[in-house]
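This report refers to the structure that appears directly beneath it.
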Amino acid sequence: MTTTTTIHIPAIRLGVPYKSVDQLTTTGATVSQVNSGLIRRDLLGISKATEELAAIPTPRLLAICKKAGELFLQGTVPVGDDDRDQTPQDYVRAVSASCGLPHALVRNNMGKIALVLTDMVTILKGLTRGLDPAIIDAGMGVQQGVPVSFYRTTDSLGVVLPSNSPGVNSLWIPSIALKVPVVLKPGRDDPWTPYRIIQSLYAAGCPRSALSFYPTSHEGAHALLAIAGRSQLFGDASITKRYAGDPRVELHGPGYSKVLIGADQAENWQKVIDVLVASVAANGGRSCVNASCIVTHAHGKEIAAALAERLAAIVPRDADDSKAGLAGFANPAMAESISETIDKALKEPGAEDVTARFRTGPRLIQHQGRTFLQPTVVHCGSFDHPLANREFLFPYCSVVEVPQDQMLSKIGPSLVVSAIGTDPAWRRKLLDSSLIHRLNLGPMATSHVHWDQPHEGNLFEFLYRRRAVQTAG
Amino acid sequence: MSAAALAASATKPAAAAAVAKAKNALDAHVRDVVQWHFSPATGSPFWLEWAKQAGWNPAKEVKGFSDLLRFPNFNDEWLRDEQPERFVPKAYANKPYMIFETGGTTGMPKQRVSWTDHLHDYSEFSDTLDDKYFPKKAHWLMAGPTGPRRLRLAIEHLANVRGGSAYHLDLDPRWVKRLIGKGDYAQAEAYKEHVVDQAITILRNRKNIHSLFTTPKILEAMAERTSLVGLGIKGVFCGGTSMTPQVVRFLAEEVLEGKALFVPTYGNTLMGLACSRPLSAKEGWSVIYHAPQPRATLRVVDPADSTKDVAYGAWGRVELTTLTKEFFMPRLLERDEAMRREPIVRWPWDGVADVRPFGASSGKIIEGVY
């Protein structure tokens, strides 16, 4: 991006760029904001886009994804309504400036997205449990000697994205390989990532109409969710509660991910401190898979102190510092509000901000003109304390002692649980629990992802349904 | 009036002399109306008592519009708490009146009295409509809020003064607000479908309907079902809610296919009808309204001190003053904000642009990561 004038990022209506009259300014760009009626009107005609995408054989779509992944990670792709060149470094700088993530973390997220695109074969295998893609192409076939048939449940996948972290975009990408057009509402601070993925897919040969991009208001998001046959919704409880129980909408709210340390491993807590640090602080603590609570059978205070000491070493650094592990806040008021919320809750007896003993300076801190929240570990005397099961947009976690046999009754819904303990009976109870979406057995960070495993729902099962099929003679 | 004549008068800045002349006319009107409402022979019980308690005599001391700043902002709760007859000027004491209500959600609605104000307002508005798009002797479909609002009668009057009749449907916006308030979005959507069903049924089965009044949401929903232009609609008069320039552009270009004319207005039961300048891509689809002065005025004021106007091009809160012999309401702070715009030849007084809910630009703190 050699020119200095502000980039304008247009909406993309079934593949066609559209410059709206209403525009929002984010760091480094103005972004077209479309109205809800426009989204509804476009989606009424999306079946043609579905037909066009579905006509492409899956091997070709996999090749398109692979090429797009290479372009996304290493290529120069167009950005903005005047198709300026955007190099990977341009992209990293843009996301960092608008979302606050340091360059190193943006690059990590870039790698994650590129991996999903380039290794779509593996991703599809994981999602479809090894289904031959030819069966999806033909609509029916034979799997392990049994006739099977799958049909699409929707003409489009709507996605209402957050701005927390670019990596969440990896969740919708397989939809293209699964022949379902995607309709995206980007997060306010990160139009860059979905736009670059879209441009990479276009350049790799994906039909343009298969990807729509609608920066819009909450009202526009609701319109998208109302019309799209299936949707992924990222947002806090105030946004997601409207869709609780709606089978068309896959909710991605706060994760409340946790590490559980069982009775037989609590004595060995020093051995898993690296796992705890990674669980809390990977990706700047900005992912729903980051642990926000360590539940341990014993040694809570010691664990909290050791973890706090380690996390206190993660300090604000310049955005382009390769060691940077903390994200700044694009909106300083949000950081102030979070810090105030924690301080207010700390006034309730039974909790201590253990990190305060170790960190340099206050939790809320300025560095090079940017606002940061330094990592915070709060030891809570019980799970009933208001800070015991909270989640914030920075490396935050509570440490709570709970007897192993009571853990499941306390933790509540948890996106990821890393359970460190070898008791077979306990493991079995965890496996049977409907509270846990992803279970890591053994000392593994909550943020660790095997791509052959579904994450927050299985996109194939969300977009396809199996029907009974019988062929005469 | 023709579109060409409208455009010619509605884009040029007003000359200083024209602005001064309009100001003088407003000052004279203010003196008349204030004397009317604050004189024992003609005034209303509410305002006569108010003046006693205020300790000054508006009938004598108000010489022009700027003197209205001596009034505090009108408390619209009075319209809920007071009996409507308290606002009846003595001069109208023996004339039965109509009672119109503002939107309201739950509980006691706000009410105002009226005799012919609504007819005046809509007769004046009719003169601004282009006959090509709102043909004389053609019929109207009124697909807007009905019930105790003046709009129901006003649109019928508008159709009648233009030589046609108005078809109506049932639309209770309070029910929709209640459904949304309790989070029953499915029923709210079903109700919208019910309204659209009624509207489309009439358009498909009755002849010579070329003009439509509706709200932006209903208009969008109708056009998602069918081509309104295909059903004969030539002009759409819209009101009832704020519209961003993008919404206006979308309605004009896509919903009405660039063929039927879209005419947004700003108004309510308390004010009358503020007309908009002709819309254009050149103006960025900005909607700029001008109050039906001198019968009502709109100021864009500093939210921290409503006696002060904001500068032209700046955002502020909308303040409404209604100045008719039927109803006097000084300095009501609307729940809207807008940009102050300059006078033009057609309306040589301030305009209010891009009206949106007051505080719409403030943000929200979100907790959690996802």
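Every chain in the structure tokens takes a letter, A first, then B, and so on in the order presented; its residues are numbered from 1, and the ligands are numbered from 1 following the presented order.
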Taking the DSSP secondary structure from the backbone, can you list the residues of region 117-178 of chain B that are alpha helix (DSSP H), as a ChimeraX atom specification?
/B:117-126,151-161,173-178
Pull the closest atom pair for each residue of chain A that gets at most 9 Å from chain B, along with the distance in Å to one decimal, counting only C-alpha atoms, ordering rows by chain and then ascending residue number, as JSON lines.
```
{"residue": "A:Ser20", "atom": "CA", "partner": "B:Gln246", "partner_atom": "CA", "distance": 6.3}
{"residue": "A:Val21", "atom": "CA", "partner": "B:Gln246", "partner_atom": "CA", "distance": 5.0}
{"residue": "A:Asp22", "atom": "CA", "partner": "B:Gln246", "partner_atom": "CA", "distance": 5.4}
{"residue": "A:Gln33", "atom": "CA", "partner": "B:Gln246", "partner_atom": "CA", "distance": 8.2}
{"residue": "A:Val34", "atom": "CA", "partner": "B:Gln246", "partner_atom": "CA", "distance": 7.0}
{"residue": "A:Asn35", "atom": "CA", "partner": "B:Val247", "partner_atom": "CA", "distance": 6.0}
{"residue": "A:Ser36", "atom": "CA", "partner": "B:Val247", "partner_atom": "CA", "distance": 8.6}
{"residue": "A:Gly37", "atom": "CA", "partner": "B:Glu220", "partner_atom": "CA", "distance": 6.3}
{"residue": "A:Leu38", "atom": "CA", "partner": "B:Phe250", "partner_atom": "CA", "distance": 7.0}
{"residue": "A:Arg40", "atom": "CA", "partner": "B:Glu224", "partner_atom": "CA", "distance": 8.1}
{"residue": "A:Arg41", "atom": "CA", "partner": "B:Glu224", "partner_atom": "CA", "distance": 6.4}
{"residue": "A:Leu44", "atom": "CA", "partner": "B:Glu224", "partner_atom": "CA", "distance": 8.0}
{"residue": "A:Pro162", "atom": "CA", "partner": "B:Tyr370", "partner_atom": "CA", "distance": 7.2}
{"residue": "A:Asn164", "atom": "CA", "partner": "B:Val369", "partner_atom": "CA", "distance": 6.7}
{"residue": "A:Ser165", "atom": "CA", "partner": "B:Tyr370", "partner_atom": "CA", "distance": 8.7}
{"residue": "A:Val168", "atom": "CA", "partner": "B:Tyr370", "partner_atom": "CA", "distance": 8.2}
{"residue": "A:Phe234", "atom": "CA", "partner": "B:Tyr370", "partner_atom": "CA", "distance": 5.9}
{"residue": "A:Gly235", "atom": "CA", "partner": "B:Tyr370", "partner_atom": "CA", "distance": 6.3}
{"residue": "A:Asp236", "atom": "CA", "partner": "B:Gly368", "partner_atom": "CA", "distance": 6.2}
{"residue": "A:Ala237", "atom": "CA", "partner": "B:Gly368", "partner_atom": "CA", "distance": 8.6}
{"residue": "A:Ser238", "atom": "CA", "partner": "B:Ile366", "partner_atom": "CA", "distance": 8.8}
{"residue": "A:Arg242", "atom": "CA", "partner": "B:Gly183", "partner_atom": "CA", "distance": 7.3}
{"residue": "A:His252", "atom": "CA", "partner": "B:Tyr370", "partner_atom": "CA", "distance": 5.8}
{"residue": "A:Gly253", "atom": "CA", "partner": "B:Tyr370", "partner_atom": "CA", "distance": 5.1}
{"residue": "A:Pro254", "atom": "CA", "partner": "B:Tyr370", "partner_atom": "CA", "distance": 4.9}
{"residue": "A:Gly255", "atom": "CA", "partner": "B:Tyr370", "partner_atom": "CA", "distance": 6.3}
{"residue": "A:Tyr256", "atom": "CA", "partner": "B:Gly368", "partner_atom": "CA", "distance": 8.7}
{"residue": "A:Gly285", "atom": "CA", "partner": "B:Val369", "partner_atom": "CA", "distance": 8.7}
{"residue": "A:Arg286", "atom": "CA", "partner": "B:Val369", "partner_atom": "CA", "distance": 6.2}
{"residue": "A:Ser287", "atom": "CA", "partner": "B:Val369", "partner_atom": "CA", "distance": 6.0}
{"residue": "A:Cys288", "atom": "CA", "partner": "B:Tyr370", "partner_atom": "CA", "distance": 4.6}
{"residue": "A:Val289", "atom": "CA", "partner": "B:Tyr370", "partner_atom": "CA", "distance": 8.3}
{"residue": "A:Asn290", "atom": "CA", "partner": "B:Val369", "partner_atom": "CA", "distance": 9.0}
{"residue": "A:Ala333", "atom": "CA", "partner": "B:Ile365", "partner_atom": "CA", "distance": 7.9}
{"residue": "A:Met334", "atom": "CA", "partner": "B:Ile365", "partner_atom": "CA", "distance": 5.7}
{"residue": "A:Ser337", "atom": "CA", "partner": "B:Ile365", "partner_atom": "CA", "distance": 7.4}
{"residue": "A:Ile338", "atom": "CA", "partner": "B:Glu367", "partner_atom": "CA", "distance": 7.6}
{"residue": "A:Arg390", "atom": "CA", "partner": "B:Gly368", "partner_atom": "CA", "distance": 7.8}
{"residue": "A:Glu391", "atom": "CA", "partner": "B:Gly368", "partner_atom": "CA", "distance": 5.0}
{"residue": "A:Phe392", "atom": "CA", "partner": "B:Gly368", "partner_atom": "CA", "distance": 4.7}
{"residue": "A:Leu393", "atom": "CA", "partner": "B:Val369", "partner_atom": "CA", "distance": 5.6}
{"residue": "A:Phe394", "atom": "CA", "partner": "B:Val369", "partner_atom": "CA", "distance": 8.7}
```
Backbone-only DSSP, strand (DSSP E) members of region 110-231 of chain B, as an MDAnalysis selection string:
chainID B and resid 111:114 139:143 166:168 209:214
Produce a table with one row for each residue of region 406-443 of chain A that has an atom at most 12 Å from any atom of region 269-275 of chain A, each row naming the nearest atom pair and its distance in Å at one decimal; use only C-alpha atoms; arrange rows by chain and rising residue number; format as a tab-separated table.
```
residue	atom	partner	partner_atom	distance
A:Ser418	CA	A:Val275	CA	9.4
A:Ala419	CA	A:Val275	CA	11.2
A:Ile420	CA	A:Val272	CA	8.6
A:Gly421	CA	A:Trp269	CA	10.8
A:Asn440	CA	A:Val275	CA	11.7
A:Gly442	CA	A:Val272	CA	9.8
A:Pro443	CA	A:Val275	CA	6.5
```
Which residues are near region 122-132 of chain A? Cut-off 10 Å, only C-alpha atoms, ignore same chain within fewer than 3 positions. Put them as a ChimeraX atom specification.
/A:58,62,115-119,135-137,141-144,148,174-175,177-178,450-455,457-461,464
Next, dump the selected residues to file, keeping only N, CA, C and O atoms, as a tab-separated table (two decimals), in the first residue's frame.
```tsv
chain	number	residue	atom	x	y	z
A	58	THR	N	-15.68	-30.87	-5.47
A	58	THR	CA	-14.96	-30.60	-4.23
A	58	THR	C	-13.44	-30.57	-4.42
A	58	THR	O	-12.77	-29.69	-3.85
A	62	LEU	N	-11.11	-27.59	-3.03
A	62	LEU	CA	-9.97	-27.79	-2.13
A	62	LEU	C	-8.71	-27.13	-2.70
A	62	LEU	O	-7.91	-26.53	-1.97
A	115	LEU	N	-3.44	-22.04	7.49
A	115	LEU	CA	-3.41	-23.49	7.66
A	115	LEU	C	-4.77	-24.12	7.36
A	115	LEU	O	-4.86	-25.15	6.70
A	116	VAL	N	-5.81	-23.47	7.83
A	116	VAL	CA	-7.15	-24.00	7.56
A	116	VAL	C	-7.41	-24.03	6.06
A	116	VAL	O	-7.98	-24.99	5.53
A	117	LEU	N	-6.98	-22.99	5.37
A	117	LEU	CA	-7.21	-22.94	3.92
A	117	LEU	C	-6.36	-23.98	3.19
A	117	LEU	O	-6.85	-24.73	2.35
A	118	THR	N	-5.07	-24.02	3.52
A	118	THR	CA	-4.18	-24.91	2.76
A	118	THR	C	-4.40	-26.37	3.12
A	118	THR	O	-4.18	-27.25	2.30
A	119	ASP	N	-4.84	-26.62	4.33
A	119	ASP	CA	-5.03	-28.01	4.75
A	119	ASP	C	-6.50	-28.36	4.86
A	119	ASP	O	-6.93	-29.11	5.73
A	135	ILE	N	-19.09	-38.03	-2.46
A	135	ILE	CA	-20.47	-38.25	-2.00
A	135	ILE	C	-21.20	-36.91	-1.87
A	135	ILE	O	-22.38	-36.78	-2.20
A	136	ILE	N	-20.46	-35.89	-1.41
A	136	ILE	CA	-21.08	-34.57	-1.33
A	136	ILE	C	-21.36	-34.04	-2.73
A	136	ILE	O	-22.42	-33.48	-3.01
A	137	ASP	N	-20.41	-34.28	-3.64
A	137	ASP	CA	-20.61	-33.81	-5.01
A	137	ASP	C	-21.81	-34.47	-5.67
A	137	ASP	O	-22.59	-33.82	-6.36
A	141	GLY	N	-23.93	-41.72	-2.16
A	141	GLY	CA	-22.83	-42.63	-2.42
A	141	GLY	C	-22.84	-43.73	-1.39
A	141	GLY	O	-23.85	-43.93	-0.69
A	142	VAL	N	-21.73	-44.41	-1.28
A	142	VAL	CA	-21.64	-45.53	-0.34
A	142	VAL	C	-20.47	-45.28	0.60
A	142	VAL	O	-19.35	-45.00	0.15
A	143	GLN	N	-20.73	-45.35	1.89
A	143	GLN	CA	-19.68	-45.17	2.88
A	143	GLN	C	-19.66	-46.40	3.78
A	143	GLN	O	-20.68	-46.73	4.39
A	144	GLN	N	-18.51	-47.03	3.86
A	144	GLN	CA	-18.34	-48.26	4.64
A	144	GLN	C	-19.45	-49.26	4.34
A	144	GLN	O	-20.07	-49.84	5.23
A	148	VAL	N	-25.40	-43.72	1.55
A	148	VAL	CA	-25.64	-42.50	2.32
A	148	VAL	C	-25.99	-41.36	1.36
A	148	VAL	O	-25.61	-41.37	0.19
A	174	PRO	N	-14.33	-23.31	6.10
A	174	PRO	CA	-14.70	-24.59	5.48
A	174	PRO	C	-16.04	-24.58	4.76
A	174	PRO	O	-16.32	-25.44	3.92
A	175	SER	N	-16.88	-23.59	5.05
A	175	SER	CA	-18.18	-23.53	4.38
A	175	SER	C	-18.03	-23.45	2.86
A	175	SER	O	-18.85	-24.00	2.12
A	177	ALA	N	-15.62	-24.79	1.04
A	177	ALA	CA	-15.33	-26.14	0.54
A	177	ALA	C	-16.55	-27.05	0.65
A	177	ALA	O	-16.68	-28.03	-0.08
A	178	LEU	N	-17.45	-26.69	1.56
A	178	LEU	CA	-18.68	-27.47	1.72
A	178	LEU	C	-19.81	-26.94	0.84
A	178	LEU	O	-20.96	-27.31	1.00
A	450	HIS	N	-6.32	-29.25	17.67
A	450	HIS	CA	-6.08	-30.26	16.63
A	450	HIS	C	-7.11	-29.99	15.54
A	450	HIS	O	-8.32	-30.02	15.81
A	451	TRP	N	-6.66	-29.77	14.34
A	451	TRP	CA	-7.60	-29.33	13.30
A	451	TRP	C	-8.49	-30.44	12.76
A	451	TRP	O	-9.41	-30.19	12.00
A	452	ASP	N	-8.20	-31.68	13.16
A	452	ASP	CA	-9.11	-32.73	12.72
A	452	ASP	C	-10.27	-32.89	13.71
A	452	ASP	O	-11.10	-33.78	13.59
A	453	GLN	N	-10.30	-32.02	14.70
A	453	GLN	CA	-11.41	-32.04	15.66
A	453	GLN	C	-12.30	-30.82	15.45
A	453	GLN	O	-11.79	-29.73	15.17
A	454	PRO	N	-13.59	-30.99	15.56
A	454	PRO	CA	-14.46	-29.82	15.41
A	454	PRO	C	-14.25	-28.85	16.56
A	454	PRO	O	-13.89	-29.24	17.66
A	455	HIS	N	-14.47	-27.57	16.27
A	455	HIS	CA	-14.33	-26.56	17.30
A	455	HIS	C	-15.65	-25.82	17.41
A	455	HIS	O	-16.14	-25.27	16.42
A	457	GLY	N	-18.87	-26.77	17.73
A	457	GLY	CA	-19.86	-27.25	16.77
A	457	GLY	C	-19.17	-27.81	15.54
A	457	GLY	O	-18.04	-27.49	15.25
A	458	ASN	N	-19.88	-28.66	14.86
A	458	ASN	CA	-19.35	-29.29	13.66
A	458	ASN	C	-20.01	-28.64	12.46
A	458	ASN	O	-21.22	-28.78	12.25
A	459	LEU	N	-19.23	-27.92	11.67
A	459	LEU	CA	-19.80	-27.13	10.57
A	459	LEU	C	-20.50	-28.03	9.54
A	459	LEU	O	-21.53	-27.64	8.98
A	460	PHE	N	-19.94	-29.20	9.30
A	460	PHE	CA	-20.59	-30.10	8.33
A	460	PHE	C	-21.98	-30.51	8.82
A	460	PHE	O	-22.96	-30.47	8.07
A	461	GLU	N	-22.04	-30.88	10.09
A	461	GLU	CA	-23.35	-31.31	10.63
A	461	GLU	C	-24.32	-30.13	10.72
A	461	GLU	O	-25.54	-30.32	10.72
A	464	TYR	N	-25.21	-29.57	6.72
A	464	TYR	CA	-25.75	-30.73	5.97
A	464	TYR	C	-26.57	-31.62	6.89
A	464	TYR	O	-26.33	-31.69	8.10
```
Residues near Asp305 (chain B), cut-off 12 Å, only C-alpha atoms, skip fewer than 4 positions along chain, as a VMD selection string:
chain B and resid 69 72 to 73 300 to 301 309 to 310 316 to 317 319 333
With the cut-off set at 12 Å and counting only C-alpha atoms, tabulate each residue of region 210-313 of chain A with an atom at most that distance from an atom of region 193-196 of chain A, showing the nearest atom pair and its distance in Å to one decimal, ordered by chain and increasing number, as a Markdown table.
```
| residue | atom | partner | partner_atom | distance |
| --- | --- | --- | --- | --- |
| A:Leu211 | CA | A:Tyr195 | CA | 9.8 |
| A:Ser212 | CA | A:Tyr195 | CA | 9.6 |
| A:Phe213 | CA | A:Tyr195 | CA | 7.5 |
| A:Tyr214 | CA | A:Tyr195 | CA | 10.3 |
| A:Pro215 | CA | A:Tyr195 | CA | 10.5 |
```
Restricting the output to C-alpha atoms, write the selected residues as a PDB file, in the first residue's frame.
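result_6.pdb written:
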```
ATOM      1  CA  LEU A 211     -18.707 -14.509  -0.681  1.00  0.00           C
ATOM      2  CA  SER A 212     -20.558 -11.458   0.573  1.00  0.00           C
ATOM      3  CA  PHE A 213     -19.235  -8.879   2.989  1.00  0.00           C
ATOM      4  CA  TYR A 214     -21.645  -6.580   4.801  1.00  0.00           C
ATOM      5  CA  PRO A 215     -20.228  -4.170   7.370  1.00  0.00           C
TER       6      PRO A 215
END
```
Please, what distance in Å, to one decimal, runs between CA of Asn24 (chain B) and CA of Trp349 (chain B)?
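Computing it gives 11.3 Å between the two atoms.
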Shell of 9 Å around Asn75 (chain B), only C-alpha atoms, local chain residues under 4 positions omitted, as a list of chain:residue names:
B:Leu79, B:Arg331, B:Leu332, B:Leu333
Keeping N, CA, C and O atoms, export the residues of the selection given above as a PDB file, in the first residue's frame.
```pdb
ATOM      1  N   LEU B  79     -48.363  16.683  28.829  1.00  0.00           N
ATOM      2  CA  LEU B  79     -49.380  16.182  27.892  1.00  0.00           C
ATOM      3  C   LEU B  79     -49.941  14.840  28.350  1.00  0.00           C
ATOM      4  O   LEU B  79     -50.978  14.391  27.871  1.00  0.00           O
ATOM      5  N   ARG B 331     -40.321  25.005  22.746  1.00  0.00           N
ATOM      6  CA  ARG B 331     -38.994  24.456  23.067  1.00  0.00           C
ATOM      7  C   ARG B 331     -39.018  23.030  23.616  1.00  0.00           C
ATOM      8  O   ARG B 331     -38.393  22.732  24.623  1.00  0.00           O
ATOM      9  N   LEU B 332     -39.717  22.172  22.927  1.00  0.00           N
ATOM     10  CA  LEU B 332     -39.679  20.750  23.319  1.00  0.00           C
ATOM     11  C   LEU B 332     -38.394  20.118  22.781  1.00  0.00           C
ATOM     12  O   LEU B 332     -38.123  20.160  21.568  1.00  0.00           O
ATOM     13  N   LEU B 333     -37.619  19.541  23.667  1.00  0.00           N
ATOM     14  CA  LEU B 333     -36.426  18.822  23.208  1.00  0.00           C
ATOM     15  C   LEU B 333     -36.839  17.441  22.708  1.00  0.00           C
ATOM     16  O   LEU B 333     -37.337  16.617  23.474  1.00  0.00           O
TER      17      LEU B 333
END
```
Which polymer residues have any atom within 9 Å of an atom of Gly235 (chain B), counting only C-alpha atoms, with same-chain residues fewer than 4 positions away left out, as an NGL selection string?
:B and (130 or 132-135 or 210-213 or 256 or 259-263)
Could you give me, as a PyMOL selection string, the residues within 12 Å of Ala468 (chain A), counting only C-alpha atoms and dropping anything in the same chain fewer than 3 positions from it?
chain A and resi 139-141+146-151+465+471
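Atom to atom, CA of Ile9 (chain A) and CA of Ser231 (chain A) stand 23.3 Å apart.
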Distance of CA of Thr128 (chain B) from CA of Ser165 (chain B), expressed in Å to one decimal place:
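Interatomic distance here is 18.6 Å.
Using only C-alpha atoms, the smallest distance between any of B:Ala91, B:Leu151, B:Cys238, B:Val62 and Ala41 (chain B) comes from B:Ala91.
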Considering only C-alpha atoms, give me a table of residues in region 181-295 of chain B that are at most 12 Å from region 15-23 of chain B, with the closest atom pair and distance in Å for each, as CSV.
```
residue,atom,partner,partner_atom,distance
B:Pro292,CA,B:Ala22,CA,11.9
B:Gln293,CA,B:Ala22,CA,8.7
B:Pro294,CA,B:Ala22,CA,8.5
```
